[in-house]
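Each remark here refers to the structure printed beneath this line.
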Amino acid sequence: MTATDTSMPYIPQHDCPSCRGSHHSPAEERQESARERVNRRWNEILQETRVAQTGVQILFGFLLSVAFTPYFHELKTFDHVVYVITVILGASGTAALIAPVSIHRFLSGQRMKDDIVTIAGRLMVCGMVLLALTIGGTLLLLLHVVVPNLLAELLVVGVMLWFALCWYVLPALLRRRSARRSKA
């Protein structure tokens, strides 16, 4: 398939050692039209959203059921506060990760796909931050039941640092490396 073939969306291959020889050259990637690029970016956002939505929806469903367990009423005030904040974060993350679909549906046919893709990308980042915070709150609730408070809090801080490293620091470092390569 060429970059100008419109029967399927153009998906550029990544330049990794195992992919060499099977990808499009930078010159071919530049042949991607603005319309093809925005369609590709929209398809990528949809795929990413499917993964994140599933995670946040399962976690949110779990959180909603916790309040109806007998043990919930035995929790201390701190844990109730963490629970409420975590449920609100989960609901907010769900809204942010589903919003691109709603926006697309309401604005479909308005020739605003560039704007929709930009906003959807921002909502995805926001949703991922909210999802990470929801996971952190859920871990804190669960670990407070299983291990002493200080250990629970230290474990959650460690896991949240790992999330920050994997989800935000690593992509930022890779983006910076890519920018340096582009300048060279």
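Just so we're on the same page: first chain in the structure tokens is A, next is B, and so on; residues restart at 1 for each chain, and ligands are numbered from 1 in the order they show up.
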Could you tell me, as number ranges by chain, which residues of stretch 42-183 of chain A DSSP assigns to alpha helix (DSSP H) when given the backbone? A: 42-66, 77-107, 113-146, 149-164, 170-183
Considering only C-alpha atoms, give me a table of residues in stretch 55-132 of chain A that are at most 12 Å from stretch 163-175 of chain A, with the closest atom pair and distance in Å for each, as CSV.
residue,atom,partner,partner_atom,distance
A:Val125,CA,A:Tyr168,CA,9.7
A:Cys126,CA,A:Tyr168,CA,11.8
A:Met128,CA,A:Trp167,CA,8.5
A:Val129,CA,A:Trp167,CA,9.0
A:Leu130,CA,A:Phe163,CA,11.9
A:Leu131,CA,A:Phe163,CA,10.4
A:Ala132,CA,A:Phe163,CA,7.0
Env of A:Ile88: 10 Å cut, atoms = only C-alpha atoms, seq-sep filter 6 positions within chain, self excluded. Answer as a PyMOL selection string. chain A and resi 60+82+94+130+134
Residues of stretch 102-182 of chain A at most 8 Å from stretch 44-59 of chain A: nearest atom pair and distance in Å, only C-alpha atoms, as CSV:
residue,atom,partner,partner_atom,distance
A:Val117,CA,A:Ile45,CA,7.7
A:Ala120,CA,A:Ile45,CA,7.3
A:Gly121,CA,A:Ile45,CA,6.9
A:Met124,CA,A:Thr49,CA,7.0
A:Met128,CA,A:Ala52,CA,7.3
A:Leu131,CA,A:Val56,CA,6.1
A:Ile135,CA,A:Leu59,CA,7.8
Provide the atom CA of A:Ser33 to atom CA of A:Asp115 distance in Å, to one decimal place.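 Atom-to-atom, atom CA of A:Ser33 to atom CA of A:Asp115, that is 16.6 Å.
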Nearest to A:Leu75 by atom-to-atom distance, counting only C-alpha atoms, from A:Ala91, A:Ala99, A:Val145, A:Leu123: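 Once distances to A:Leu75 are computed over only C-alpha atoms, the minimum belongs to A:Val145.
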Separation of atom CA of A:Leu142 from atom CA of A:Glu74 in Å: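 That distance, rounded to one decimal, is 13.5 Å.
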